[in-house]
$ cat work_23.txt   # compact mmCIF, C-alpha atoms (C1' of nucleotides)
# COMPACT_ATOMS: atom_id res chain seq x y z
CA MET A 1 292.86 -82.73 25.62
CA ASP A 2 291.26 -80.59 28.24
CA GLN A 3 291.95 -83.52 30.47
CA ILE A 4 295.62 -83.37 29.70
CA ARG A 5 295.76 -79.68 30.40
CA LYS A 6 294.01 -80.21 33.69
CA GLU A 7 296.51 -82.83 34.72
CA ASP A 8 299.49 -80.88 33.50
CA TYR A 9 300.13 -79.81 37.04
CA HIS A 10 300.41 -82.07 40.04
CA SER A 11 296.88 -81.89 41.41
CA LEU A 12 296.01 -82.91 44.93
CA ASP A 13 294.05 -86.06 45.60
CA GLU A 14 290.92 -85.73 47.66
CA GLU A 15 292.24 -87.41 50.76
CA THR A 16 295.31 -85.20 50.97
CA LEU A 17 293.12 -82.19 50.41
CA PHE A 18 290.89 -83.31 53.25
CA ILE A 19 293.73 -83.92 55.69
CA VAL A 20 295.39 -80.61 54.89
CA SER A 21 292.19 -78.60 55.13
CA GLN A 22 291.24 -80.28 58.41
CA THR A 23 294.65 -79.58 59.87
CA PHE A 24 294.43 -75.92 59.02
CA LYS A 25 290.83 -75.80 60.21
CA ALA A 26 292.07 -76.87 63.62
CA LEU A 27 294.38 -73.88 63.61
CA SER A 28 291.85 -71.43 62.24
CA ASP A 29 289.94 -70.85 65.45
CA PRO A 30 291.21 -68.43 68.13
CA THR A 31 290.09 -70.69 70.97
CA ARG A 32 291.91 -73.70 69.61
CA ILE A 33 295.00 -71.63 68.90
CA ARG A 34 295.01 -70.43 72.51
CA ILE A 35 294.64 -73.98 73.79
CA LEU A 36 297.44 -75.32 71.61
CA HIS A 37 299.63 -72.36 72.46
CA LEU A 38 299.11 -73.11 76.14
CA LEU A 39 299.83 -76.80 75.62
CA PHE A 40 303.00 -75.81 73.84
CA GLU A 41 304.27 -74.53 77.16
CA LYS A 42 303.06 -77.31 79.39
CA GLU A 43 300.77 -80.27 79.85
CA CYS A 44 297.45 -79.11 81.33
CA SER A 45 294.29 -80.52 82.80
CA VAL A 46 290.94 -79.47 81.36
CA THR A 47 290.26 -77.34 84.42
CA GLU A 48 293.63 -75.63 84.15
CA ILE A 49 292.93 -74.80 80.53
CA SER A 50 289.49 -73.37 81.21
CA ASP A 51 290.74 -71.37 84.20
CA CYS A 52 293.83 -70.13 82.47
CA LEU A 53 292.06 -69.10 79.28
CA GLU A 54 288.75 -68.18 80.91
CA LEU A 55 286.72 -70.60 78.86
CA LYS A 56 283.73 -72.73 79.79
CA GLN A 57 284.72 -76.27 80.67
CA SER A 58 282.34 -77.75 78.10
CA ASN A 59 283.78 -75.52 75.44
CA VAL A 60 287.30 -76.68 76.28
CA SER A 61 286.21 -80.32 76.23
CA HIS A 62 284.57 -79.92 72.84
CA GLN A 63 287.65 -78.27 71.37
CA LEU A 64 289.93 -80.89 72.90
CA ARG A 65 287.87 -83.63 71.33
CA PHE A 66 288.21 -81.92 67.98
CA LEU A 67 291.98 -81.72 68.44
CA LYS A 68 292.16 -85.26 69.72
CA ASN A 69 290.32 -86.60 66.67
CA LEU A 70 293.00 -85.04 64.51
CA ARG A 71 295.66 -86.46 66.84
CA LEU A 72 296.97 -82.99 67.55
CA VAL A 73 296.70 -83.62 71.29
CA LYS A 74 296.95 -86.67 73.51
CA TYR A 75 295.96 -87.22 77.12
CA ARG A 76 296.68 -89.27 80.19
CA ARG A 77 294.51 -89.87 83.21
CA GLU A 78 295.61 -89.30 86.79
CA GLY A 79 292.79 -90.05 89.17
CA LYS A 80 289.87 -87.82 88.28
CA THR A 81 292.08 -85.48 86.33
CA ILE A 82 292.93 -85.76 82.67
CA TYR A 83 296.09 -84.10 81.44
CA TYR A 84 296.34 -83.01 77.84
CA SER A 85 299.49 -82.36 75.88
CA HIS A 86 300.29 -81.69 72.26
CA ASP A 87 300.96 -84.65 70.01
CA ASP A 88 301.99 -83.36 66.59
CA GLU A 89 305.39 -81.76 66.28
CA HIS A 90 304.84 -80.63 62.73
CA VAL A 91 301.61 -78.81 63.48
CA MET A 92 303.01 -77.22 66.62
CA LYS A 93 306.02 -76.03 64.68
CA THR A 94 303.74 -74.61 62.00
CA LEU A 95 301.69 -72.79 64.61
CA GLN A 96 304.74 -71.36 66.36
CA GLN A 97 306.22 -70.19 63.09
CA THR A 98 303.03 -68.47 62.02
CA ILE A 99 302.60 -66.79 65.40
CA HIS A 100 306.20 -65.63 65.23
CA HIS A 101 305.64 -64.38 61.71
CA ALA A 102 302.49 -62.49 62.76
CA LEU A 103 304.25 -60.91 65.74
CA HIS A 104 307.06 -59.62 63.58
CA GLU A 105 304.62 -58.86 60.83
CA MET B 106 296.62 -64.03 92.29
CA ASP B 107 294.56 -65.76 89.69
CA GLN B 108 295.63 -62.94 87.49
CA ILE B 109 299.27 -63.75 88.05
CA ARG B 110 298.67 -67.40 87.27
CA LYS B 111 296.89 -66.47 84.11
CA GLU B 112 299.75 -64.31 82.97
CA ASP B 113 302.39 -66.80 83.95
CA TYR B 114 302.58 -67.93 80.39
CA HIS B 115 303.09 -65.74 77.38
CA SER B 116 299.51 -65.25 76.21
CA LEU B 117 298.65 -64.06 72.75
CA ASP B 118 297.25 -60.60 72.18
CA GLU B 119 294.00 -60.34 70.33
CA GLU B 120 295.41 -58.89 67.13
CA THR B 121 298.00 -61.62 66.73
CA LEU B 122 295.34 -64.19 67.45
CA PHE B 123 293.17 -62.66 64.76
CA ILE B 124 295.90 -62.55 62.12
CA VAL B 125 296.99 -66.11 62.82
CA SER B 126 293.47 -67.50 62.79
CA GLN B 127 292.61 -65.66 59.59
CA THR B 128 295.74 -66.95 57.91
CA PHE B 129 294.91 -70.52 58.78
CA LYS B 130 291.29 -69.98 57.84
CA ALA B 131 292.45 -69.11 54.36
CA LEU B 132 294.19 -72.48 54.21
CA SER B 133 291.33 -74.44 55.75
CA ASP B 134 289.14 -74.62 52.68
CA PRO B 135 289.79 -77.22 49.95
CA THR B 136 288.92 -74.81 47.16
CA ARG B 137 291.36 -72.19 48.37
CA ILE B 138 294.03 -74.80 48.92
CA ARG B 139 293.62 -75.97 45.34
CA ILE B 140 293.81 -72.41 44.04
CA LEU B 141 296.94 -71.61 46.03
CA HIS B 142 298.49 -74.92 45.08
CA LEU B 143 297.90 -74.10 41.44
CA LEU B 144 299.30 -70.60 41.86
CA PHE B 145 302.34 -72.16 43.45
CA GLU B 146 303.15 -73.66 40.07
CA LYS B 147 302.33 -70.68 37.90
CA GLU B 148 300.62 -67.35 37.56
CA CYS B 149 297.06 -67.87 36.28
CA SER B 150 294.10 -65.90 34.99
CA VAL B 151 290.72 -66.33 36.63
CA THR B 152 289.48 -68.31 33.63
CA GLU B 153 292.50 -70.59 33.72
CA ILE B 154 291.89 -71.29 37.38
CA SER B 155 288.23 -72.07 36.92
CA ASP B 156 288.89 -74.26 33.88
CA CYS B 157 291.79 -76.06 35.46
CA LEU B 158 290.06 -76.75 38.75
CA GLU B 159 286.54 -77.04 37.33
CA LEU B 160 285.14 -74.29 39.47
CA LYS B 161 282.55 -71.63 38.67
CA GLN B 162 284.13 -68.36 37.67
CA SER B 163 282.23 -66.45 40.34
CA ASN B 164 283.36 -68.90 42.97
CA VAL B 165 286.97 -68.41 41.93
CA SER B 166 286.57 -64.64 42.00
CA HIS B 167 285.08 -64.75 45.49
CA GLN B 168 287.89 -66.92 46.81
CA LEU B 169 290.51 -64.77 45.13
CA ARG B 170 289.07 -61.69 46.77
CA PHE B 171 289.32 -63.44 50.12
CA LEU B 172 292.95 -64.33 49.46
CA LYS B 173 293.70 -60.88 48.14
CA ASN B 174 292.32 -59.23 51.29
CA LEU B 175 294.79 -61.26 53.30
CA ARG B 176 297.51 -60.36 50.82
CA LEU B 177 298.13 -63.99 50.04
CA VAL B 178 297.75 -63.31 46.33
CA LYS B 179 298.42 -60.36 44.05
CA TYR B 180 297.33 -59.62 40.51
CA ARG B 181 298.23 -57.73 37.39
CA ARG B 182 296.02 -56.76 34.51
CA GLU B 183 296.77 -57.50 30.88
CA GLY B 184 293.99 -56.24 28.67
CA LYS B 185 290.79 -57.91 29.72
CA THR B 186 292.64 -60.62 31.53
CA ILE B 187 293.75 -60.50 35.15
CA TYR B 188 296.62 -62.71 36.21
CA TYR B 189 296.88 -63.83 39.79
CA SER B 190 299.96 -65.06 41.59
CA HIS B 191 300.86 -65.86 45.16
CA ASP B 192 302.20 -63.08 47.34
CA ASP B 193 303.18 -64.55 50.70
CA GLU B 194 306.25 -66.73 50.81
CA HIS B 195 305.73 -67.75 54.40
CA VAL B 196 302.17 -68.96 53.86
CA MET B 197 303.07 -70.78 50.65
CA LYS B 198 305.93 -72.49 52.41
CA THR B 199 303.62 -73.50 55.24
CA LEU B 200 301.11 -74.90 52.76
CA GLN B 201 303.73 -76.84 50.84
CA GLN B 202 305.19 -78.29 54.01
CA THR B 203 301.82 -79.41 55.29
CA ILE B 204 300.87 -80.97 51.97
CA HIS B 205 304.19 -82.76 51.91
CA HIS B 206 303.65 -83.90 55.47
CA ALA B 207 300.15 -85.19 54.65
CA LEU B 208 301.39 -87.03 51.57
CA HIS B 209 304.07 -88.81 53.56
CA GLU B 210 301.77 -89.10 56.52
C1' DT C 211 278.67 -47.09 19.66
C1' DT C 212 277.48 -51.73 20.01
C1' DA C 213 279.09 -56.20 20.95
C1' DT C 214 281.77 -59.39 23.35
C1' DA C 215 285.13 -61.41 26.56
C1' DA C 216 286.97 -61.47 31.27
C1' DT C 217 286.18 -60.56 35.76
C1' DA C 218 283.76 -58.73 39.84
C1' DT C 219 279.90 -58.13 42.77
C1' DG C 220 275.33 -58.80 45.25
C1' DA C 221 271.84 -61.66 46.92
C1' DA C 222 269.97 -66.06 48.22
C1' DT C 223 270.50 -70.38 50.22
C1' DA C 224 272.11 -74.39 52.35
C1' DC C 225 275.34 -75.93 55.43
C1' DA C 226 279.02 -75.76 58.96
C1' DT C 227 280.63 -74.01 63.24
C1' DG C 228 281.37 -72.19 68.06
C1' DA C 229 279.46 -71.36 72.29
C1' DA C 230 276.35 -72.16 76.00
C1' DC C 231 273.43 -74.81 78.95
C1' DA C 232 271.94 -78.90 81.00
C1' DT C 233 273.00 -83.33 81.97
C1' DA C 234 275.64 -87.70 81.97
C1' DT C 235 279.67 -90.40 83.00
C1' DG C 236 283.43 -91.95 85.75
C1' DA C 237 286.81 -91.93 89.42
C1' DG C 238 287.88 -91.19 93.95
C1' DT C 239 286.17 -90.32 98.88
C1' DT C 240 283.43 -90.91 103.04
C1' DA D 241 276.03 -96.95 99.13
C1' DA D 242 275.83 -91.63 98.57
C1' DC D 243 278.60 -87.65 97.44
C1' DT D 244 281.83 -84.80 95.05
C1' DC D 245 285.12 -83.47 91.64
C1' DA D 246 286.72 -83.59 86.85
C1' DT D 247 285.46 -84.28 82.42
C1' DA D 248 282.49 -85.58 78.52
C1' DT D 249 278.41 -85.41 75.80
C1' DG D 250 273.83 -83.96 73.67
C1' DT D 251 271.20 -80.23 72.18
C1' DT D 252 270.06 -75.77 70.88
C1' DC D 253 270.95 -71.38 68.89
C1' DA D 254 273.09 -67.75 66.62
C1' DT D 255 276.55 -66.73 63.44
C1' DG D 256 279.69 -67.68 59.71
C1' DT D 257 280.81 -69.66 55.23
C1' DA D 258 280.87 -71.74 50.48
C1' DT D 259 278.52 -71.97 46.52
C1' DT D 260 275.42 -70.61 42.99
C1' DC D 261 272.76 -67.59 40.00
C1' DA D 262 271.98 -63.27 38.08
C1' DT D 263 273.84 -59.06 37.03
C1' DA D 264 277.29 -55.31 36.87
C1' DT D 265 281.76 -53.60 35.53
C1' DT D 266 285.72 -53.07 32.63
C1' DA D 267 288.45 -53.42 28.57
C1' DT D 268 289.02 -54.43 23.86
C1' DA D 269 287.28 -55.18 19.05
C1' DA D 270 284.23 -54.38 15.26
$ encode --input "work_23.txt" --output "structure tokens"
Amino acid sequence: MDQIRKEDYHSLDEETLFIVSQTFKALSDPTRIRILHLLFEKECSVTEISDCLELKQSNVSHQLRFLKNLRLVKYRREGKTIYYSHDDEHVMKTLQQTIHHALHE
Amino acid sequence: MDQIRKEDYHSLDEETLFIVSQTFKALSDPTRIRILHLLFEKECSVTEISDCLELKQSNVSHQLRFLKNLRLVKYRREGKTIYYSHDDEHVMKTLQQTIHHALHE
DNA sequence: TTATAATATGAATACATGAACATATGAGTT
DNA sequence: AACTCATATGTTCATGTATTCATATTATAA
């Protein structure tokens, strides 16, 4: 009875909930937003990112790993340099839309 | 020179960064996602929310305050009961899209 | 006015998170 | 091989956050 009431609405399964929350968590930190926003414009090496955004290299690497685990970024190696680029159109679109929305209030 | 490089790309001002990160932070917690997802379907009292999602009333109140501060939800009073509903079309659309995306991978 | 129902608030706690530092790895160079 | 550059990783620390319990507020009913 209570059970029926509870299930009256289309509740979210735990896995979906986890994926969704993780995705938004990636976008909830200013540093990661700045990195993704930069990668939206162009592919960048780790050093370029840390120089451009004035962040410690280790910090950038940690954040990139986080984003890579969620498959929001990908990378390719070129000699000693590793170039990162974004890898999730949907998330990038979401980020751009929300930035645009915030800018125009 | 470095300065010019840094500003080559359209960087985000601090306020925008803050608004965007806060918005996504609201969506980065499973409990808040469940609450917003429920409110997407219908206006609910605090008690309904806590019953429906099996959450402590105080927990629900705390999360609702968080969402209210960001103007993601609004409320109206009816006697002793307070009914909450969503109040940001853009954020709700973003949430729905991301849930849909996660469900269909 | 007292009692009760619905909600909000404050404090405590356990846990997660972001940043920094030091150090390790790995690829190219000499 | 030793050296250097680019990046990754491990650890520590301070801060932030989610949840819970206890209690306060607010509105209605008796």
$ interface_residues --input "work_23.txt" --of "chain B" --to "chain C" --cutoff "9 Å" --atoms "only C-alpha atoms (C1' of nucleotides)" --output "ChimeraX atom specification"
/B:151-152,162-163,166-167,185-187
$ residues_around --input "work_23.txt" --residues "region 114-120 of chain B" --least-positions-apart "5" --cutoff "10 Å" --atoms "all atoms listed in the file" --output "short mmCIF file (atom, residue, chain, number, x, y, z; two decimals) with C-alpha atoms, in the frame of the given file"
data_model
loop_
_atom_site.label_atom_id
_atom_site.label_comp_id
_atom_site.auth_asym_id
_atom_site.auth_seq_id
_atom_site.Cartn_x
_atom_site.Cartn_y
_atom_site.Cartn_z
CA PRO A 30 291.21 -68.43 68.13
CA ILE A 33 295.00 -71.63 68.90
CA ARG A 34 295.01 -70.43 72.51
CA HIS A 37 299.63 -72.36 72.46
CA LEU A 38 299.11 -73.11 76.14
CA GLU A 41 304.27 -74.53 77.16
CA LYS A 42 303.06 -77.31 79.39
CA CYS A 52 293.83 -70.13 82.47
CA LEU A 53 292.06 -69.10 79.28
CA ILE A 99 302.60 -66.79 65.40
CA ALA A 102 302.49 -62.49 62.76
CA LEU A 103 304.25 -60.91 65.74
CA ILE B 109 299.27 -63.75 88.05
CA VAL B 125 296.99 -66.11 62.82
CA SER B 126 293.47 -67.50 62.79
#
$ residues_around --input "work_23.txt" --residues "His101 (chain A)" --least-positions-apart "6" --cutoff "10 Å" --atoms "all atoms listed in the file" --output "NGL selection string"
(:A and (95)) or (:B and (121 or 124-125 or 195-196))
$ residues_near_point --input "work_23.txt" --point "(297.2, -67.7, 38.5)" --cutoff "10 Å" --atoms "all atoms listed in the file" --output "PyMOL selection string"
chain B and resi 140-154+169+178-180+187-191
$ closest_atom_pairs --input "work_23.txt" --of "chain B" --to "chain A" --cutoff "6 Å" --atoms "all atoms listed in the file" --output "JSON lines"
{"residue": "B:Lys111", "atom": "CA", "partner": "A:Cys52", "partner_atom": "CA", "distance": 5.0}
{"residue": "B:Leu122", "atom": "CA", "partner": "A:Pro30", "partner_atom": "CA", "distance": 6.0}
{"residue": "B:Ser126", "atom": "CA", "partner": "A:Ser28", "partner_atom": "CA", "distance": 4.3}
{"residue": "B:Phe129", "atom": "CA", "partner": "A:Ser28", "partner_atom": "CA", "distance": 4.7}
{"residue": "B:Lys130", "atom": "CA", "partner": "A:Ser28", "partner_atom": "CA", "distance": 4.7}
{"residue": "B:Leu132", "atom": "CA", "partner": "A:Phe24", "partner_atom": "CA", "distance": 5.9}
{"residue": "B:Ser133", "atom": "CA", "partner": "A:Ser21", "partner_atom": "CA", "distance": 4.3}
{"residue": "B:Asp134", "atom": "CA", "partner": "A:Ser21", "partner_atom": "CA", "distance": 5.6}
{"residue": "B:Pro135", "atom": "CA", "partner": "A:Ser21", "partner_atom": "CA", "distance": 5.9}
{"residue": "B:Cys157", "atom": "CA", "partner": "A:Lys6", "partner_atom": "CA", "distance": 5.0}
$ interface_residues --input "work_23.txt" --of "chain D" --to "chain B" --cutoff "12 Å" --atoms "only C-alpha atoms (C1' of nucleotides)" --output "PyMOL selection string"
chain D and resi 256-263+265-269
$ axis_aligned_box --input "work_23.txt" --around "region 222-240 of chain C" --padding-each-side "3 Å" --output "JSON"
{"center_x": 278.9, "center_y": -79.0, "center_z": 75.6, "size_x": 23.9, "size_y": 31.9, "size_z": 60.8}
$ decode --input "work_23.txt" --residues "region 251-267 of chain D" --atoms "N, CA, C and O atoms (P, O5', C5', C4', C3', O3' and C1' of nucleotides)" --output "PDB file, in the first residue's frame"
ATOM      1  P    DT D 251      50.404   6.235  -0.120  1.00  0.00           P
ATOM      2  O5'  DT D 251      50.505   7.668   0.575  1.00  0.00           O
ATOM      3  C5'  DT D 251      51.728   8.399   0.501  1.00  0.00           C
ATOM      4  C4'  DT D 251      51.613   9.689   1.297  1.00  0.00           C
ATOM      5  C3'  DT D 251      50.606   9.651   2.446  1.00  0.00           C
ATOM      6  O3'  DT D 251      51.188  10.287   3.562  1.00  0.00           O
ATOM      7  C1'  DT D 251      50.109  11.462   1.020  1.00  0.00           C
ATOM      8  P    DT D 252      50.517  10.178   5.011  1.00  0.00           P
ATOM      9  O5'  DT D 252      50.361  11.721   5.390  1.00  0.00           O
ATOM     10  C5'  DT D 252      51.319  12.663   4.915  1.00  0.00           C
ATOM     11  C4'  DT D 252      50.707  14.051   4.909  1.00  0.00           C
ATOM     12  C3'  DT D 252      49.747  14.326   6.068  1.00  0.00           C
ATOM     13  O3'  DT D 252      50.149  15.520   6.717  1.00  0.00           O
ATOM     14  C1'  DT D 252      48.759  14.940   4.013  1.00  0.00           C
ATOM     15  P    DC D 253      49.499  15.955   8.090  1.00  0.00           P
ATOM     16  O5'  DC D 253      48.570  17.159   7.623  1.00  0.00           O
ATOM     17  C5'  DC D 253      49.105  18.176   6.775  1.00  0.00           C
ATOM     18  C4'  DC D 253      47.968  19.106   6.362  1.00  0.00           C
ATOM     19  C3'  DC D 253      46.952  19.346   7.476  1.00  0.00           C
ATOM     20  O3'  DC D 253      46.708  20.732   7.590  1.00  0.00           O
ATOM     21  C1'  DC D 253      45.866  18.608   5.509  1.00  0.00           C
ATOM     22  P    DA D 254      45.958  21.327   8.878  1.00  0.00           P
ATOM     23  O5'  DA D 254      45.043  22.448   8.214  1.00  0.00           O
ATOM     24  C5'  DA D 254      45.371  22.980   6.937  1.00  0.00           C
ATOM     25  C4'  DA D 254      44.088  23.218   6.154  1.00  0.00           C
ATOM     26  C3'  DA D 254      42.924  23.710   7.023  1.00  0.00           C
ATOM     27  O3'  DA D 254      42.335  24.812   6.374  1.00  0.00           O
ATOM     28  C1'  DA D 254      42.287  21.773   5.798  1.00  0.00           C
ATOM     29  P    DT D 255      41.120  25.614   7.043  1.00  0.00           P
ATOM     30  O5'  DT D 255      39.915  25.257   6.058  1.00  0.00           O
ATOM     31  C5'  DT D 255      40.170  25.111   4.659  1.00  0.00           C
ATOM     32  C4'  DT D 255      38.987  24.448   3.991  1.00  0.00           C
ATOM     33  C3'  DT D 255      37.624  24.903   4.540  1.00  0.00           C
ATOM     34  O3'  DT D 255      36.861  25.358   3.438  1.00  0.00           O
ATOM     35  C1'  DT D 255      37.742  22.535   4.440  1.00  0.00           C
ATOM     36  P    DG D 256      35.321  25.791   3.608  1.00  0.00           P
ATOM     37  O5'  DG D 256      34.572  24.498   3.036  1.00  0.00           O
ATOM     38  C5'  DG D 256      34.995  23.945   1.795  1.00  0.00           C
ATOM     39  C4'  DG D 256      34.050  22.831   1.390  1.00  0.00           C
ATOM     40  C3'  DG D 256      32.575  23.149   1.599  1.00  0.00           C
ATOM     41  O3'  DG D 256      31.872  22.608   0.488  1.00  0.00           O
ATOM     42  C1'  DG D 256      33.198  21.240   2.898  1.00  0.00           C
ATOM     43  P    DT D 257      30.318  22.790   0.333  1.00  0.00           P
ATOM     44  O5'  DT D 257      29.793  21.368   0.835  1.00  0.00           O
ATOM     45  C5'  DT D 257      30.471  20.195   0.414  1.00  0.00           C
ATOM     46  C4'  DT D 257      29.680  18.992   0.879  1.00  0.00           C
ATOM     47  C3'  DT D 257      28.192  19.251   1.068  1.00  0.00           C
ATOM     48  O3'  DT D 257      27.503  18.245   0.365  1.00  0.00           O
ATOM     49  C1'  DT D 257      29.120  18.311   3.038  1.00  0.00           C
ATOM     50  P    DA D 258      25.968  18.050   0.318  1.00  0.00           P
ATOM     51  O5'  DA D 258      25.785  16.814   1.304  1.00  0.00           O
ATOM     52  C5'  DA D 258      26.342  15.566   0.954  1.00  0.00           C
ATOM     53  C4'  DA D 258      25.814  14.506   1.905  1.00  0.00           C
ATOM     54  C3'  DA D 258      24.300  14.491   2.062  1.00  0.00           C
ATOM     55  O3'  DA D 258      23.875  13.131   2.136  1.00  0.00           O
ATOM     56  C1'  DA D 258      25.325  14.965   4.164  1.00  0.00           C
ATOM     57  P    DT D 259      22.353  12.776   2.306  1.00  0.00           P
ATOM     58  O5'  DT D 259      22.256  12.476   3.870  1.00  0.00           O
ATOM     59  C5'  DT D 259      23.069  11.447   4.435  1.00  0.00           C
ATOM     60  C4'  DT D 259      22.993  11.502   5.949  1.00  0.00           C
ATOM     61  C3'  DT D 259      21.580  11.482   6.524  1.00  0.00           C
ATOM     62  O3'  DT D 259      21.370  10.224   7.138  1.00  0.00           O
ATOM     63  C1'  DT D 259      23.012  13.030   7.654  1.00  0.00           C
ATOM     64  P    DT D 260      19.912   9.832   7.706  1.00  0.00           P
ATOM     65  O5'  DT D 260      20.077  10.179   9.254  1.00  0.00           O
ATOM     66  C5'  DT D 260      21.229   9.711   9.959  1.00  0.00           C
ATOM     67  C4'  DT D 260      21.311  10.373  11.327  1.00  0.00           C
ATOM     68  C3'  DT D 260      19.971  10.449  12.064  1.00  0.00           C
ATOM     69  O3'  DT D 260      20.027   9.640  13.232  1.00  0.00           O
ATOM     70  C1'  DT D 260      21.168  12.525  12.155  1.00  0.00           C
ATOM     71  P    DC D 261      18.726   9.342  14.106  1.00  0.00           P
ATOM     72  O5'  DC D 261      18.890  10.411  15.285  1.00  0.00           O
ATOM     73  C5'  DC D 261      20.105  10.459  16.032  1.00  0.00           C
ATOM     74  C4'  DC D 261      20.069  11.647  16.985  1.00  0.00           C
ATOM     75  C3'  DC D 261      18.760  11.795  17.755  1.00  0.00           C
ATOM     76  O3'  DC D 261      19.051  11.989  19.142  1.00  0.00           O
ATOM     77  C1'  DC D 261      19.305  13.823  16.629  1.00  0.00           C
ATOM     78  P    DA D 262      17.861  12.033  20.214  1.00  0.00           P
ATOM     79  O5'  DA D 262      17.770  13.584  20.549  1.00  0.00           O
ATOM     80  C5'  DA D 262      18.978  14.314  20.795  1.00  0.00           C
ATOM     81  C4'  DA D 262      18.650  15.791  20.883  1.00  0.00           C
ATOM     82  C3'  DA D 262      17.367  16.117  21.664  1.00  0.00           C
ATOM     83  O3'  DA D 262      17.630  17.188  22.554  1.00  0.00           O
ATOM     84  C1'  DA D 262      17.271  17.069  19.500  1.00  0.00           C
ATOM     85  P    DT D 263      16.457  17.761  23.499  1.00  0.00           P
ATOM     86  O5'  DT D 263      16.002  19.074  22.707  1.00  0.00           O
ATOM     87  C5'  DT D 263      16.993  20.013  22.322  1.00  0.00           C
ATOM     88  C4'  DT D 263      16.370  21.064  21.426  1.00  0.00           C
ATOM     89  C3'  DT D 263      15.097  21.702  21.992  1.00  0.00           C
ATOM     90  O3'  DT D 263      15.271  23.100  21.958  1.00  0.00           O
ATOM     91  C1'  DT D 263      14.786  21.072  19.747  1.00  0.00           C
ATOM     92  P    DA D 264      14.181  24.069  22.651  1.00  0.00           P
ATOM     93  O5'  DA D 264      13.767  24.992  21.426  1.00  0.00           O
ATOM     94  C5'  DA D 264      14.795  25.588  20.630  1.00  0.00           C
ATOM     95  C4'  DA D 264      14.178  26.140  19.366  1.00  0.00           C
ATOM     96  C3'  DA D 264      12.951  27.024  19.600  1.00  0.00           C
ATOM     97  O3'  DA D 264      13.068  28.159  18.772  1.00  0.00           O
ATOM     98  C1'  DA D 264      12.401  25.271  18.117  1.00  0.00           C
ATOM     99  P    DT D 265      12.104  29.419  19.048  1.00  0.00           P
ATOM    100  O5'  DT D 265      11.083  29.375  17.820  1.00  0.00           O
ATOM    101  C5'  DT D 265      11.578  29.511  16.499  1.00  0.00           C
ATOM    102  C4'  DT D 265      10.522  29.024  15.529  1.00  0.00           C
ATOM    103  C3'  DT D 265       9.207  29.796  15.574  1.00  0.00           C
ATOM    104  O3'  DT D 265       9.062  30.444  14.327  1.00  0.00           O
ATOM    105  C1'  DT D 265       8.862  27.464  15.399  1.00  0.00           C
ATOM    106  P    DT D 266       8.093  31.713  14.186  1.00  0.00           P
ATOM    107  O5'  DT D 266       6.855  31.176  13.340  1.00  0.00           O
ATOM    108  C5'  DT D 266       7.045  30.173  12.342  1.00  0.00           C
ATOM    109  C4'  DT D 266       5.763  29.400  12.168  1.00  0.00           C
ATOM    110  C3'  DT D 266       4.504  30.206  12.532  1.00  0.00           C
ATOM    111  O3'  DT D 266       3.796  30.425  11.327  1.00  0.00           O
ATOM    112  C1'  DT D 266       4.407  27.971  13.339  1.00  0.00           C
ATOM    113  P    DA D 267       2.356  31.195  11.274  1.00  0.00           P
ATOM    114  O5'  DA D 267       1.331  29.971  11.261  1.00  0.00           O
ATOM    115  C5'  DA D 267       1.419  29.020  10.211  1.00  0.00           C
ATOM    116  C4'  DA D 267       0.401  27.941  10.463  1.00  0.00           C
ATOM    117  C3'  DA D 267      -1.005  28.472  10.743  1.00  0.00           C
ATOM    118  O3'  DA D 267      -1.934  27.694  10.005  1.00  0.00           O
ATOM    119  C1'  DA D 267      -0.331  27.046  12.489  1.00  0.00           C
TER     120       DA D 267
END
